[in-house]
Structures are given as structure tokens and as C-alpha cells.
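The data block below is input25.cif; it holds mmCIF, C-alpha atoms.
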data_start
loop_
_atom_site.label_atom_id
_atom_site.label_comp_id
_atom_site.auth_asym_id
_atom_site.auth_seq_id
_atom_site.Cartn_x
_atom_site.Cartn_y
_atom_site.Cartn_z
CA MET A 1 26.74 -12.57 -16.50
CA ASN A 2 28.04 -11.16 -13.22
CA ARG A 3 27.76 -12.96 -9.91
CA ILE A 4 26.23 -10.92 -7.07
CA GLU A 5 26.61 -12.10 -3.46
CA ILE A 6 24.68 -10.70 -0.51
CA VAL A 7 26.55 -10.71 2.81
CA ASP A 8 24.97 -13.41 5.03
CA GLY A 9 22.48 -14.15 2.29
CA ALA A 10 21.80 -15.56 -1.11
CA GLY A 11 23.53 -14.86 -4.37
CA PHE A 12 22.19 -14.26 -7.85
CA SER A 13 23.32 -13.70 -11.40
CA CYS A 14 23.01 -10.35 -13.14
CA ALA A 15 22.81 -10.32 -16.92
CA GLU A 16 24.55 -7.70 -19.04
CA GLY A 17 22.54 -4.48 -19.00
CA ASP A 18 20.36 -5.51 -16.06
CA THR A 19 20.29 -3.60 -12.76
CA LEU A 20 21.14 -5.12 -9.38
CA LEU A 21 17.53 -4.68 -8.26
CA ARG A 22 15.82 -6.25 -11.24
CA ALA A 23 18.27 -9.15 -11.42
CA GLY A 24 17.69 -9.88 -7.72
CA LEU A 25 13.92 -9.78 -8.14
CA ARG A 26 14.12 -11.97 -11.24
CA ALA A 27 15.96 -14.50 -9.05
CA GLY A 28 13.03 -14.38 -6.60
CA LEU A 29 14.83 -12.47 -3.82
CA GLY A 30 13.10 -9.86 -1.63
CA LEU A 31 15.26 -6.85 -2.46
CA PRO A 32 13.54 -3.80 -0.96
CA TYR A 33 12.29 -1.25 -3.49
CA GLU A 34 9.36 0.94 -4.43
CA CYS A 35 9.74 3.19 -7.46
CA ASN A 36 12.45 1.39 -9.48
CA ALA A 37 13.32 4.84 -10.84
CA GLY A 38 15.92 6.39 -8.50
CA GLY A 39 13.53 8.58 -6.56
CA CYS A 40 12.34 6.87 -3.41
CA GLY A 41 15.61 5.61 -1.90
CA THR A 42 14.15 2.32 -0.65
CA CYS A 43 16.58 0.15 -2.65
CA LYS A 44 19.80 1.54 -1.15
CA VAL A 45 22.47 -1.13 -0.71
CA GLU A 46 26.04 -1.01 0.55
CA LEU A 47 28.58 -2.00 -2.08
CA ILE A 48 31.24 -3.99 -0.20
CA GLU A 49 33.21 -5.35 -3.16
CA GLY A 50 33.10 -4.83 -6.90
CA ALA A 51 32.03 -1.85 -8.95
CA VAL A 52 28.83 -0.61 -10.55
CA GLU A 53 27.97 1.99 -13.15
CA SER A 54 25.05 4.22 -12.22
CA ARG A 55 22.35 4.97 -14.75
CA TRP A 56 21.65 8.17 -12.81
CA PRO A 57 24.53 9.29 -10.54
CA GLU A 58 22.60 12.33 -9.21
CA ALA A 59 19.46 10.34 -8.35
CA PRO A 60 17.58 12.07 -5.51
CA GLY A 61 17.07 8.77 -3.67
CA LEU A 62 20.69 8.92 -2.55
CA SER A 63 21.95 11.57 -0.09
CA ASP A 64 25.52 12.81 0.24
CA ARG A 65 25.72 10.81 3.46
CA ASP A 66 24.69 7.68 1.55
CA ARG A 67 27.35 8.30 -1.11
CA ARG A 68 29.99 8.87 1.56
CA LYS A 69 29.08 5.51 3.10
CA GLY A 70 29.45 3.63 -0.17
CA ARG A 71 25.76 3.09 -0.72
CA VAL A 72 24.26 2.78 -4.18
CA LEU A 73 20.71 2.55 -5.47
CA ALA A 74 20.16 -1.03 -6.60
CA CYS A 75 17.60 0.18 -9.17
CA GLN A 76 20.18 2.39 -10.94
CA SER A 77 23.25 0.16 -10.62
CA LEU A 78 24.68 -1.85 -13.52
CA PRO A 79 27.45 -4.09 -12.15
CA THR A 80 30.70 -4.00 -14.11
CA GLY A 81 31.89 -7.27 -12.54
CA ASP A 82 31.13 -9.58 -9.64
CA CYS A 83 29.88 -7.70 -6.55
CA ARG A 84 29.26 -8.18 -2.84
CA LEU A 85 26.41 -6.23 -1.27
CA ARG A 86 25.19 -5.62 2.24
CA LEU A 87 21.44 -5.15 2.52
CA ARG A 88 18.48 -6.38 4.51
CA LEU A 89 16.21 -8.58 2.42
CA ASP A 90 12.51 -8.03 3.04
CA PRO A 91 10.17 -11.04 2.80
CA ALA A 92 7.37 -8.62 1.81
CA CYS A 93 9.36 -7.74 -1.33
CA ILE A 94 9.71 -11.30 -2.63
CA PRO A 95 7.95 -11.10 -6.00
CA GLU A 96 4.88 -13.32 -6.28
CA ILE A 97 5.42 -13.19 -10.01
CA ARG A 98 9.03 -12.84 -11.10
CA PRO A 99 9.57 -9.95 -13.51
CA GLU A 100 10.72 -10.67 -17.05
CA ARG A 101 11.42 -8.76 -20.23
CA ARG A 102 9.21 -9.37 -23.26
CA LYS A 103 8.61 -7.77 -26.60
CA ALA A 104 5.07 -6.45 -27.07
CA ARG A 105 3.24 -4.92 -30.01
CA LEU A 106 0.81 -2.04 -29.97
CA THR A 107 -2.75 -3.24 -30.58
CA GLY A 108 -4.79 -0.10 -29.88
CA MET A 109 -5.13 3.36 -28.35
CA ALA A 110 -8.03 5.41 -26.97
CA ASP A 111 -8.18 8.85 -25.34
CA ILE A 112 -9.66 8.83 -21.82
CA THR A 113 -9.29 12.48 -20.80
CA ARG A 114 -7.70 15.54 -22.38
CA ASP A 115 -4.25 14.25 -21.45
CA ILE A 116 -4.61 10.55 -20.53
CA ARG A 117 -4.59 7.95 -23.27
CA GLU A 118 -4.95 4.21 -23.01
CA PHE A 119 -2.26 2.23 -24.82
CA ARG A 120 -2.88 -1.47 -25.40
CA PHE A 121 -0.06 -3.89 -26.01
CA ALA A 122 0.05 -7.65 -26.56
CA ALA A 123 2.92 -10.07 -25.95
CA GLU A 124 3.35 -13.79 -26.55
CA GLY A 125 2.05 -15.94 -23.71
CA PRO A 126 -0.15 -14.95 -20.77
CA ALA A 127 0.09 -11.54 -19.05
CA ARG A 128 0.85 -12.31 -15.42
CA PHE A 129 0.69 -9.55 -12.80
CA ARG A 130 -1.30 -8.55 -9.73
CA PRO A 131 -3.85 -5.70 -9.85
CA GLY A 132 -2.04 -2.43 -9.09
CA GLN A 133 1.41 -3.46 -10.33
CA TYR A 134 3.52 -1.65 -12.91
CA ALA A 135 5.89 -2.47 -15.74
CA MET A 136 8.87 -0.69 -17.23
CA LEU A 137 8.17 0.31 -20.85
CA SER A 138 11.12 0.95 -23.10
CA LEU A 139 11.22 2.34 -26.61
CA PRO A 140 13.60 1.14 -29.32
CA ASP A 141 15.93 4.09 -28.54
CA GLY A 142 16.27 2.95 -24.91
CA THR A 143 14.04 5.56 -23.28
CA GLU A 144 12.35 3.82 -20.36
CA ARG A 145 9.64 4.74 -17.84
CA ALA A 146 7.50 2.94 -15.27
CA TYR A 147 3.76 2.75 -15.96
CA SER A 148 1.01 0.99 -14.06
CA LEU A 149 -1.18 -1.56 -15.76
CA SER A 150 -4.88 -0.74 -15.87
CA ASN A 151 -6.21 -4.18 -16.78
CA ILE A 152 -5.82 -7.48 -14.94
CA ALA A 153 -3.91 -10.69 -15.63
CA ASN A 154 -5.10 -12.55 -18.72
CA ALA A 155 -4.26 -15.47 -20.97
CA ASP A 156 -4.09 -13.32 -24.11
CA GLY A 157 -0.92 -11.46 -23.14
CA ALA A 158 -2.73 -8.09 -23.10
CA SER A 159 -1.18 -5.23 -21.11
CA HIS A 160 -3.09 -1.94 -20.93
CA PHE A 161 -1.67 1.36 -19.69
CA GLN A 162 -3.45 4.66 -19.11
CA ILE A 163 -0.67 7.13 -19.58
CA ARG A 164 -0.79 10.83 -18.83
CA ARG A 165 0.97 13.08 -21.30
CA VAL A 166 3.74 15.01 -19.55
CA PRO A 167 4.44 18.39 -21.16
CA ASP A 168 7.89 18.15 -22.78
CA GLY A 169 8.18 14.62 -21.42
CA ARG A 170 10.64 12.65 -23.54
CA MET A 171 8.79 9.37 -23.22
CA THR A 172 5.21 10.56 -23.57
CA GLU A 173 5.99 12.84 -26.51
CA ARG A 174 7.15 9.78 -28.42
CA LEU A 175 4.30 7.59 -27.26
CA PHE A 176 1.59 10.13 -28.05
CA ASP A 177 2.99 11.61 -31.25
CA ALA A 178 4.47 8.54 -32.94
CA ALA A 179 3.63 5.42 -30.97
CA PRO A 180 6.08 2.67 -31.89
CA THR A 181 4.56 -0.57 -33.18
CA GLU A 182 6.80 -2.58 -30.90
CA ILE A 183 8.11 -1.89 -27.39
CA MET A 184 9.85 -3.81 -24.62
CA LEU A 185 7.89 -4.59 -21.45
CA ASP A 186 9.70 -5.48 -18.22
CA GLY A 187 7.57 -6.49 -15.29
CA PRO A 188 5.62 -6.88 -13.18
CA TYR A 189 6.98 -4.67 -10.39
CA GLY A 190 5.42 -2.96 -7.42
CA LEU A 191 4.20 -3.86 -3.95
CA ALA A 192 1.03 -1.77 -3.77
CA HIS A 193 -1.04 -4.49 -5.34
CA LEU A 194 -4.42 -5.80 -4.29
CA GLN A 195 -4.47 -7.87 -1.10
CA PRO A 196 -7.25 -10.01 0.30
CA GLY A 197 -9.09 -8.39 3.19
CA ALA A 198 -12.35 -8.19 5.11
CA ARG A 199 -12.82 -4.41 4.98
CA ASP A 200 -14.24 -2.51 2.05
CA VAL A 201 -11.66 -0.77 -0.11
CA VAL A 202 -10.96 2.88 -0.75
CA CYS A 203 -9.06 3.62 -3.98
CA ILE A 204 -7.65 7.12 -4.31
CA ALA A 205 -6.42 8.18 -7.74
CA GLY A 206 -4.94 11.48 -8.87
CA GLY A 207 -3.52 12.44 -12.27
CA SER A 208 -1.47 9.62 -13.71
CA GLY A 209 -2.45 7.36 -10.80
CA LEU A 210 -5.70 6.38 -12.46
CA ALA A 211 -4.50 3.12 -14.08
CA PRO A 212 -3.44 1.15 -10.99
CA MET A 213 -6.61 2.07 -9.10
CA VAL A 214 -8.72 0.95 -12.06
CA SER A 215 -6.80 -2.32 -12.03
CA ILE A 216 -7.40 -2.80 -8.28
CA ALA A 217 -11.14 -2.21 -8.74
CA ARG A 218 -11.23 -4.61 -11.71
CA GLY A 219 -9.34 -7.20 -9.71
CA ILE A 220 -12.01 -7.12 -7.00
CA ALA A 221 -14.79 -7.32 -9.59
CA ALA A 222 -13.19 -10.25 -11.39
CA ASP A 223 -12.85 -12.43 -8.28
CA PRO A 224 -16.16 -14.18 -7.57
CA ALA A 225 -15.04 -14.82 -3.98
CA ASP A 226 -14.38 -11.11 -3.36
CA ALA A 227 -17.53 -9.31 -2.18
CA ARG A 228 -15.87 -6.05 -1.13
CA ARG A 229 -17.30 -2.69 -2.09
CA VAL A 230 -15.00 -0.03 -3.56
CA HIS A 231 -15.09 3.69 -2.88
CA PHE A 232 -13.23 5.24 -5.80
CA PHE A 233 -11.96 8.76 -5.06
CA HIS A 234 -10.69 10.47 -8.17
CA GLY A 235 -9.01 13.87 -8.04
CA GLY A 236 -8.21 16.25 -10.88
CA ARG A 237 -7.59 19.92 -11.42
CA THR A 238 -10.78 20.40 -13.44
CA SER A 239 -13.70 18.24 -14.54
CA ALA A 240 -11.87 17.71 -17.87
CA ASP A 241 -9.42 15.51 -15.92
CA LEU A 242 -12.16 13.14 -14.76
CA PRO A 243 -13.73 10.67 -17.18
CA GLY A 244 -16.66 10.29 -14.81
CA GLU A 245 -18.74 7.83 -12.86
CA GLY A 246 -20.26 5.99 -15.82
CA TRP A 247 -16.84 5.34 -17.29
CA ALA A 248 -15.49 4.01 -13.99
CA ARG A 249 -18.54 1.82 -13.38
CA THR A 250 -18.42 0.24 -16.84
CA LEU A 251 -14.67 -0.20 -16.95
CA THR A 252 -14.29 -1.72 -13.50
CA GLY A 253 -17.29 -4.03 -13.85
CA LEU A 254 -18.21 -3.43 -10.21
CA GLY A 255 -21.73 -2.18 -10.88
CA ASP A 256 -23.46 -1.12 -7.64
CA ARG A 257 -20.44 -2.14 -5.58
CA LEU A 258 -18.59 0.91 -6.88
CA ALA A 259 -19.14 4.35 -5.36
CA TYR A 260 -17.42 7.09 -7.37
CA HIS A 261 -16.34 10.29 -5.61
CA ALA A 262 -14.94 13.02 -7.84
CA ALA A 263 -12.88 15.92 -6.52
CA VAL A 264 -11.72 18.96 -8.49
CA SER A 265 -9.17 21.35 -7.03
CA ASP A 266 -9.08 24.28 -9.47
CA GLU A 267 -12.67 24.66 -10.60
CA SER A 268 -16.11 25.07 -9.10
CA VAL A 269 -18.50 22.61 -10.73
CA PRO A 270 -22.06 22.09 -9.47
CA GLY A 271 -22.39 18.54 -8.16
CA LEU A 272 -18.64 17.93 -7.81
CA ALA A 273 -16.77 18.24 -4.53
CA GLN A 274 -14.17 20.99 -4.63
CA GLY A 275 -10.76 20.56 -3.04
CA PHE A 276 -7.77 18.28 -3.06
CA VAL A 277 -8.71 14.63 -3.07
CA HIS A 278 -7.37 14.00 0.44
CA GLU A 279 -9.56 16.84 1.75
CA VAL A 280 -12.62 15.48 -0.02
CA LEU A 281 -11.82 12.02 1.36
CA ALA A 282 -11.47 13.36 4.92
CA ALA A 283 -14.76 15.29 4.70
CA TRP A 284 -16.62 12.23 3.43
CA MET A 285 -14.98 9.84 5.91
CA GLY A 286 -15.72 11.67 9.16
CA ASP A 287 -14.81 9.20 11.91
CA ARG A 288 -15.02 6.02 9.78
CA PHE A 289 -11.37 5.83 8.67
CA ASP A 290 -10.85 2.51 10.44
CA ASN A 291 -13.56 0.79 8.38
CA TYR A 292 -11.50 0.60 5.17
CA ASP A 293 -8.25 -0.54 3.57
CA TYR A 294 -6.61 2.02 1.30
CA TYR A 295 -4.88 1.97 -2.10
CA CYS A 296 -3.43 5.22 -3.41
CA ALA A 297 -1.73 6.30 -6.63
CA GLY A 298 -0.89 9.77 -7.83
CA PRO A 299 1.65 12.58 -7.81
CA PRO A 300 4.09 12.80 -4.86
CA PRO A 301 2.32 15.71 -3.08
CA MET A 302 -0.96 13.73 -3.10
CA ILE A 303 0.72 10.60 -1.73
CA GLN A 304 2.48 12.67 0.93
CA ALA A 305 -0.81 14.29 1.97
CA LEU A 306 -2.56 10.91 2.15
CA GLU A 307 0.26 9.28 4.10
CA THR A 308 0.16 12.15 6.57
CA LEU A 309 -3.63 11.96 6.87
CA LEU A 310 -4.08 8.18 7.06
CA VAL A 311 -0.92 6.96 8.83
CA ALA A 312 0.44 9.91 10.79
CA THR A 313 -2.87 11.55 11.81
CA LYS A 314 -5.43 8.74 11.83
CA GLY A 315 -2.98 6.12 13.06
CA LEU A 316 -3.79 3.42 10.51
CA PRO A 317 -1.07 0.73 10.32
CA ALA A 318 1.18 1.35 7.32
CA GLY A 319 0.19 -2.05 5.89
CA ARG A 320 -3.41 -0.88 5.40
CA VAL A 321 -2.40 2.10 3.26
CA ARG A 322 -0.74 0.82 0.10
CA PHE A 323 1.03 2.91 -2.52
CA ASP A 324 4.18 2.86 -4.62
CA ARG A 325 5.91 6.19 -4.66
CA PHE A 326 6.51 7.55 -8.16
CA PHE A 327 8.51 10.55 -9.20
CA MET B 1 -4.25 20.89 37.60
CA SER B 2 -0.75 21.44 38.88
CA ASP B 3 -0.01 24.15 41.35
CA GLY B 4 3.12 25.88 42.54
CA GLY B 5 4.98 24.94 39.34
CA VAL B 6 4.85 21.21 40.04
CA ILE B 7 4.83 19.25 36.80
CA ALA B 8 1.64 17.25 36.48
CA SER B 9 3.03 14.26 34.63
CA GLU B 10 6.56 12.96 34.64
CA THR B 11 7.55 9.39 33.82
CA LEU B 12 10.98 7.95 34.54
CA LEU B 13 12.35 6.44 31.31
CA CYS B 14 15.76 5.24 32.49
CA ALA B 15 18.96 6.36 34.16
CA GLN B 16 21.15 8.71 32.14
CA SER B 17 23.98 6.21 32.58
CA ASP B 18 21.88 3.57 30.78
CA VAL B 19 22.34 5.37 27.44
CA PRO B 20 25.93 5.05 26.24
CA GLU B 21 27.48 8.00 24.46
CA GLY B 22 26.95 7.66 20.74
CA GLY B 23 24.31 5.00 21.39
CA ALA B 24 20.60 4.57 21.95
CA VAL B 25 18.16 2.55 24.04
CA LYS B 26 14.58 1.54 23.36
CA ILE B 27 12.03 2.13 26.12
CA GLU B 28 8.60 0.52 26.08
CA LEU B 29 5.86 2.02 28.21
CA ALA B 30 2.38 0.57 28.46
CA GLY B 31 -0.23 2.17 26.22
CA ARG B 32 2.06 4.10 23.90
CA PRO B 33 4.41 3.45 20.97
CA PRO B 34 8.00 2.59 21.97
CA LEU B 35 10.46 5.43 22.50
CA ALA B 36 14.15 5.76 21.64
CA ILE B 37 16.63 7.72 23.75
CA PHE B 38 19.83 8.87 22.05
CA ASN B 39 23.01 10.18 23.65
CA ILE B 40 25.00 12.43 21.31
CA LYS B 41 28.18 13.58 23.05
CA GLY B 42 26.35 13.88 26.36
CA THR B 43 23.21 15.51 24.94
CA PHE B 44 20.07 13.40 25.09
CA PHE B 45 17.22 13.16 22.57
CA VAL B 46 13.93 11.29 23.02
CA THR B 47 11.97 10.28 19.91
CA ASP B 48 9.51 7.64 18.78
CA ASP B 49 11.46 4.43 18.21
CA THR B 50 9.55 3.18 15.15
CA CYS B 51 10.60 4.60 11.80
CA THR B 52 7.85 6.57 10.05
CA HIS B 53 8.51 4.65 6.82
CA GLY B 54 8.55 1.01 7.93
CA GLU B 55 8.25 -1.07 11.08
CA ALA B 56 11.92 -0.76 12.05
CA SER B 57 13.45 0.17 15.42
CA LEU B 58 15.53 3.35 15.17
CA SER B 59 17.41 2.56 18.39
CA GLU B 60 19.06 -0.23 16.37
CA GLY B 61 20.04 2.23 13.63
CA GLU B 62 23.35 3.83 12.80
CA ILE B 63 23.92 7.11 14.66
CA ASP B 64 25.94 9.91 13.08
CA THR B 65 27.07 11.90 16.11
CA ASP B 66 28.66 14.72 14.11
CA GLU B 67 25.47 15.38 12.18
CA CYS B 68 23.14 14.44 15.04
CA VAL B 69 21.27 12.08 12.73
CA VAL B 70 19.91 8.55 13.12
CA GLU B 71 19.66 6.22 10.15
CA CYS B 72 17.01 3.54 10.00
CA PRO B 73 18.59 0.06 9.99
CA TRP B 74 16.19 -1.09 7.28
CA HIS B 75 16.34 1.28 4.29
CA SER B 76 18.90 3.78 5.63
CA GLY B 77 16.36 6.57 5.72
CA ALA B 78 17.46 9.30 8.14
CA PHE B 79 16.08 11.77 10.69
CA GLU B 80 17.53 14.82 12.44
CA LEU B 81 17.39 14.00 16.15
CA SER B 82 16.88 17.59 17.29
CA THR B 83 13.83 18.25 15.11
CA GLY B 84 12.62 14.85 13.89
CA LYS B 85 12.82 16.14 10.33
CA PRO B 86 13.40 13.45 7.70
CA CYS B 87 16.79 14.02 5.99
CA GLY B 88 17.29 10.89 3.91
CA ALA B 89 15.08 8.94 1.50
CA PRO B 90 12.84 7.00 1.71
CA CYS B 91 11.58 8.74 4.90
CA THR B 92 9.21 11.63 4.24
CA ILE B 93 7.16 11.89 7.44
CA ALA B 94 8.71 13.60 10.46
CA LEU B 95 9.62 11.55 13.49
CA ARG B 96 7.84 12.56 16.70
CA ILE B 97 10.22 14.03 19.25
CA HIS B 98 9.40 14.18 22.96
CA ARG B 99 10.04 16.64 25.75
CA PHE B 100 11.94 15.34 28.72
CA ALA B 101 13.68 16.48 31.89
CA LEU B 102 17.02 15.43 33.38
CA HIS B 103 17.39 15.28 37.15
CA ASP B 104 18.65 13.00 39.88
CA GLY B 105 20.57 11.01 37.25
CA GLY B 106 17.35 10.04 35.45
CA ILE B 107 15.64 10.88 32.14
CA TYR B 108 11.97 11.78 32.63
CA LEU B 109 9.35 11.99 29.88
CA LEU B 110 7.24 15.17 30.14
CA ASP B 111 4.37 14.37 27.75
#
Conversion result in C-alpha cells:
Amino acid sequence: MNRIEIVDGAGFSCAEGDTLLRAGLRAGLGLPYECNAGGCGTCKVELIEGAVESRWPEAPGLSDRDRRKGRVLACQSLPTGDCRLRLRLDPACIPEIRPERRKARLTGMADITRDIREFRFAAEGPARFRPGQYAMLSLPDGTERAYSLSNIANADGASHFQIRRVPDGRMTERLFDAAPTEIMLDGPYGLAHLQPGARDVVCIAGGSGLAPMVSIARGIAADPADARRVHFFHGGRTSADLPGEGWARTLTGLGDRLAYHAAVSDESVPGLAQGFVHEVLAAWMGDRFDNYDYYCAGPPPMIQALETLLVATKGLPAGRVRFDRFF
Amino acid sequence: MSDGGVIASETLLCAQSDVPEGGAVKIELAGRPPLAIFNIKGTFFVTDDTCTHGEASLSEGEIDTDECVVECPWHSGAFELSTGKPCGAPCTIALRIHRFALHDGGIYLLD
């Protein structure tokens, strides 16, 4: 156990093998972060005293200027002793549910599209997370990746993931070709989870971003006090990437409150809008952007295009466009 | 319409002497997002004050005069002051930069 102190702030303990970020969140502190994977740069902290080992020294979230100034990524840093950090805690990052590590066993799999498969796991005790959050999955050999949950919190300990196979991807090759019977789950993480609100909701999913948007839609459907409608925009390269309206309607349980908008970028299909999902969204929206709150999940270029459209161009406050950046 | 080369719209932001070298000031004008004015070795830059990543004030950020870069005080994201281009994660959206004029000891916004 190492002791971590924050200048002008709280302290916390960091267990052997845990990162600064996760240990801080487990202690209930609002350490800023997004991706938990070294890419986004949101969890930069200044190391004032002590030493850390980096899980990924070349992580793109850190610039040469950051390195020169003694900054480290909290999500990649394993302390080798007691440390003092300078950082600005963010009340918005205080975890509603503190993340924890648990063993889980594989209970089922089902293919959803040509390259997305649902993996179902069960752990002891209830599964506690907010719709749209993610967990870190690790295999017995230590390979670890972040995946969003596609179901909602439940008493049975069930965690479902809809994982896209990455060509030559170390993690997905193992999961798809020889799924282990037991894995380690660490979560929940992520800030782009469902929030209460008066406006109807637009969910925008692309590629591997399907799972968290499904979870958001299910979260709305499962809450009897939540009467919001959901516009579900789903983008793929071809129609083989889209499981379709019937699938989404059944899975989310939203019935008539779900409107499904498919977009394909690389194929012309009668009845399906052609273009990138942000273009299809903009064409459908016209001048009604202000009527909705937005949840987005997908590859970085899609998130970048949506952030530019919704925040930079349409002027929506950043708090009404929620996403966790993944890399 | 302007005529005879007179500039149609020019708003006094502050005196040049109000912005210390290597420092920044925040200027709030009615009806528009706050602005930040930077002084890098005697050269001024006028940008939006609010970071494009979070609701933080860039005039309170760390300024690297040699690189002509401002770092957001919140997540240490960074922007080039001359272009507004993001140059440090987590910022990915460019910062708006503004045209201005210097005369009579003042800094005047042109747009």
C-alpha cells in the first residue's frame, strides 16, 4: 500500500498494482479522467514527490511539454512508493459508484453483426453501474481493455458487453477465438452516463460505440418516471454493420418511444440514409438542435465530428453533449 | 457601410499597459463569450477565454512564452496563441482567435 497525498487536498491509499487514477476513484475522489487508457490526456497530474512506473511511457495523452514539466498520466502510473501530486479535483468526476475489481465468469455469447459479438459475464453480488459506463476487462495473461456495458444495473451480477472485433487486436482475438471462462472486471468507470433531463434524448452510435448507447436507451426504458423519447442514430460502413430497427426496439424495450435512424457511409442501400452519421444527424435535425440532449459513442473521428458540429458550430453547452473519448 | 477606409466596428478592450508581459487578462463584453488577451514579449494575442474542452478560463492558465502557447489550468490542455490550434491533450477543438488593432495605447477588437 502506498500513500498518495494531493497538494491542498485529500489523500488516499494505492494498492500494489493499482494506478493512481483508479485508486483515487476507489477512494471516492474526483480525479479528472475520460478514457482510462492513456489517450485523452484528461488525467494529467504533476508529480511533486515520489516516483511512478508508467504502464505506457509513450502514451499519446502526454506531450513533450507535459513530460518536461514533470506531469504523468494518472491512468498509466503505478506508484513505486509514497507520492505527492498536484492536480485540480473535479466534483463532476466523483464516482457515484466506486469502482472495484471482481472476478466474473462467462455465461453466454451471441453475434450481433458481422464483427460485433455480445459477451455476457456474471459476478457475485449485484452489478452496479450507470447506463453508459464502462469497465476494464482483463484476461488471465494481464491483457486489459476498456469496454462499455450494454445492459443496465441488476441484482444478478450480470455484465453484458457488445465488443467489436479489431483486426489483429490482441484482446479481441483472444476473446473471439478462445473466450476465457473467467475474467477480471474492474469498474464502473466513465462520465458519459445517463443524466436526468427534460429534453428528449439523441443517442449517436458508431462502430464499437453501440453498447453504451444501447445501455442509455435501456436505462430510460427501465425507469418508470422517465418519459423521454430516444432518437437512436446508428452509423456503419455498410448495412452489415447495423443490426437494424427491430433489434434496437426489442433490446432497448422503448417500443414507440424509440426512433431508429440508420446511416451507412460506404454503400448505397434503398431506404437507408447515406453518409457519415453526423451528416445524417445534421440533415434530419435542421434547426431543432436545441431540443435535445446528446449521448455519443464511437471512433475518435466520429466523436470529433460530433463535438465540432454540436458544441463548436451549434453552440450547445458541453454538458449537453456527453461522450467518453476512446482510442 | 464604412467609407473612406474607416473601420465600421472597433471596441476598446483595454490599455496595452493593462496586460503584463508574459501574462494575460480576461475581458468580458456584453453579449459575447469572454475574451483573453495575452502579451508574449510585447506581442499581443486575443482569443476566446474559455477552453474548448471544459469550462476553464485560459487567462488563468500557464503561459509558455518561448513556445507562444497557453495551457489550460484545468487539464493542462494547450493551444498555440498565434493560430488557436490545439497542441496538447485533451483539447481537440481549435480556440477562436480574434483580430484586433493597436493604437493610442489601447487594444481594439475588430470583429
Run the PyMOL selection byres ((chain A and resi 310) around 10) mentally over the shown coordinates, then write out the matched residues as a ChimeraX atom specification, using the chain letters and numbers from the document. /A:278,282,289-290,294,305-309,311-318,320-321
Selection dump of the PyMOL selection byres ((chain A) within 8 of (chain B)), as number ranges by chain: A: 32, 40-44, 61-63, 88, 304, 308, 312, 318
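Atom pair atom CA of Leu81 of chain B / atom CA of Gly105 of chain B: separated by 21.5 Å.
Distance annotation: of B:Glu28, B:Glu62, B:Glu21, B:Asp104, the residue with the minimal separation from Thr43 of chain B is B:Glu21; atom set is all atoms listed in the file.
Using the PyMOL selection byres ((chain A and resi 279) around 12) on this structure selects Ile204, Phe233, His234, Gly235, His261, Ala262, Ala263, Val264, Ser265, Ala273, Gln274, Gly275, Phe276, Val277, His278, Val280, Leu281, Ala282, Ala283, Trp284, Met285, Gly286, Met302, Ala305, Leu306, Thr308, Leu309 and Leu310 of chain A.
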So that I can see what lies close to segment 112-128 of chain A, please list as a list in words the residues with an atom at most 7 Å from it, counting all atoms listed in the file and leaving out residues fewer than 3 positions away in the same chain. Arg102, Lys103, Ala104, Arg105, Leu106, Thr107, Gly108, Met109, Ala153, Asn154, Ala155, Asp156, Gly157, Ala158, Ser159, His160, Phe161, Gln162, Ile163, Arg164, Arg165, Ala240, Asp241, Leu242 and Pro243 of chain A
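Computed from the coordinates, the atom CA of Arg86 of chain A to atom CA of Val7 of chain A distance equals 5.3 Å.
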Counting all atoms listed in the file, what is within 7 Å of Phe79 of chain B, bar same-chain residues fewer than 3 positions away, as an MDAnalysis selection string? chainID B and resid 69:71 84:88
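Distance-wise, atom CA of Gly253 of chain A and atom CA of Ala221 of chain A end up 5.9 Å apart.
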Go ahead and find all residues with at least one atom no further than 7 Å from (-4.2, -7.2, -13.2) in the file's coordinates, using all atoms listed in the file; report them as an mmCIF file with C-alpha atoms, in the frame of the given file.
data_model
loop_
_atom_site.group_PDB
_atom_site.id
_atom_site.type_symbol
_atom_site.label_atom_id
_atom_site.label_comp_id
_atom_site.auth_asym_id
_atom_site.auth_seq_id
_atom_site.Cartn_x
_atom_site.Cartn_y
_atom_site.Cartn_z
ATOM 1 C CA PHE A 129 0.690 -9.550 -12.800
ATOM 2 C CA ARG A 130 -1.300 -8.550 -9.730
ATOM 3 C CA PRO A 131 -3.850 -5.700 -9.850
ATOM 4 C CA GLY A 132 -2.040 -2.430 -9.090
ATOM 5 C CA LEU A 149 -1.180 -1.560 -15.760
ATOM 6 C CA ASN A 151 -6.210 -4.180 -16.780
ATOM 7 C CA ILE A 152 -5.820 -7.480 -14.940
ATOM 8 C CA ALA A 153 -3.910 -10.690 -15.630
ATOM 9 C CA SER A 215 -6.800 -2.320 -12.030
ATOM 10 C CA GLY A 219 -9.340 -7.200 -9.710
#
May I ask which of the residues B:Cys14, B:Phe45, B:Val19, B:Thr50 is the closest one to Pro33 of chain B, counting only C-alpha atoms? B:Thr50
Let me have the centre and edge lengths in Å, one decimal, of the box along x, y and z around every listed atom of segment 45-53 of chain B with 5 Å of margin on each side, as AutoDock Vina command-line options.
--center_x 12.5 --center_y 8.2 --center_z 14.9 --size_x 19.4 --size_y 20.0 --size_z 26.2
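By all atoms listed in the file, and with residues fewer than 2 positions from Leu89 of chain A along its chain excluded, the set lying at most 7 Å from it is A:Gly30, A:Leu31, A:Pro32, A:Leu87, A:Pro91.
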Expected answer as a ChimeraX atom specification: all residues with atoms within 10 Å of (27.5, -9.5, -4.2), all atoms listed in the file: /A:2-7,9-13,20,46-50,79,81-86
Just add N, CA and C atoms to segment 284-293 of chain A and send it as a tab-separated table (two decimals), in the frame of the given file.
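The resulting file, part20.tsv, is shown below:
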chain	number	residue	atom	x	y	z
A	284	TRP	N	-15.65	13.31	3.62
A	284	TRP	CA	-16.62	12.23	3.43
A	284	TRP	C	-16.50	11.19	4.56
A	285	MET	N	-15.25	10.94	4.99
A	285	MET	CA	-14.98	9.84	5.91
A	285	MET	C	-15.46	10.13	7.32
A	286	GLY	N	-15.34	11.37	7.78
A	286	GLY	CA	-15.72	11.67	9.16
A	286	GLY	C	-14.89	10.84	10.12
A	287	ASP	N	-15.56	10.00	10.93
A	287	ASP	CA	-14.81	9.20	11.91
A	287	ASP	C	-14.77	7.72	11.51
A	288	ARG	N	-14.92	7.43	10.21
A	288	ARG	CA	-15.02	6.02	9.78
A	288	ARG	C	-13.73	5.51	9.13
A	289	PHE	N	-12.63	6.20	9.34
A	289	PHE	CA	-11.37	5.83	8.67
A	289	PHE	C	-11.00	4.37	8.89
A	290	ASP	N	-11.29	3.86	10.09
A	290	ASP	CA	-10.85	2.51	10.44
A	290	ASP	C	-11.64	1.42	9.71
A	291	ASN	N	-12.71	1.80	9.02
A	291	ASN	CA	-13.56	0.79	8.38
A	291	ASN	C	-13.01	0.27	7.04
A	292	TYR	N	-11.93	0.89	6.54
A	292	TYR	CA	-11.50	0.60	5.17
A	292	TYR	C	-10.01	0.26	5.08
A	293	ASP	N	-9.65	-0.42	3.99
A	293	ASP	CA	-8.25	-0.54	3.57
A	293	ASP	C	-8.05	0.38	2.37
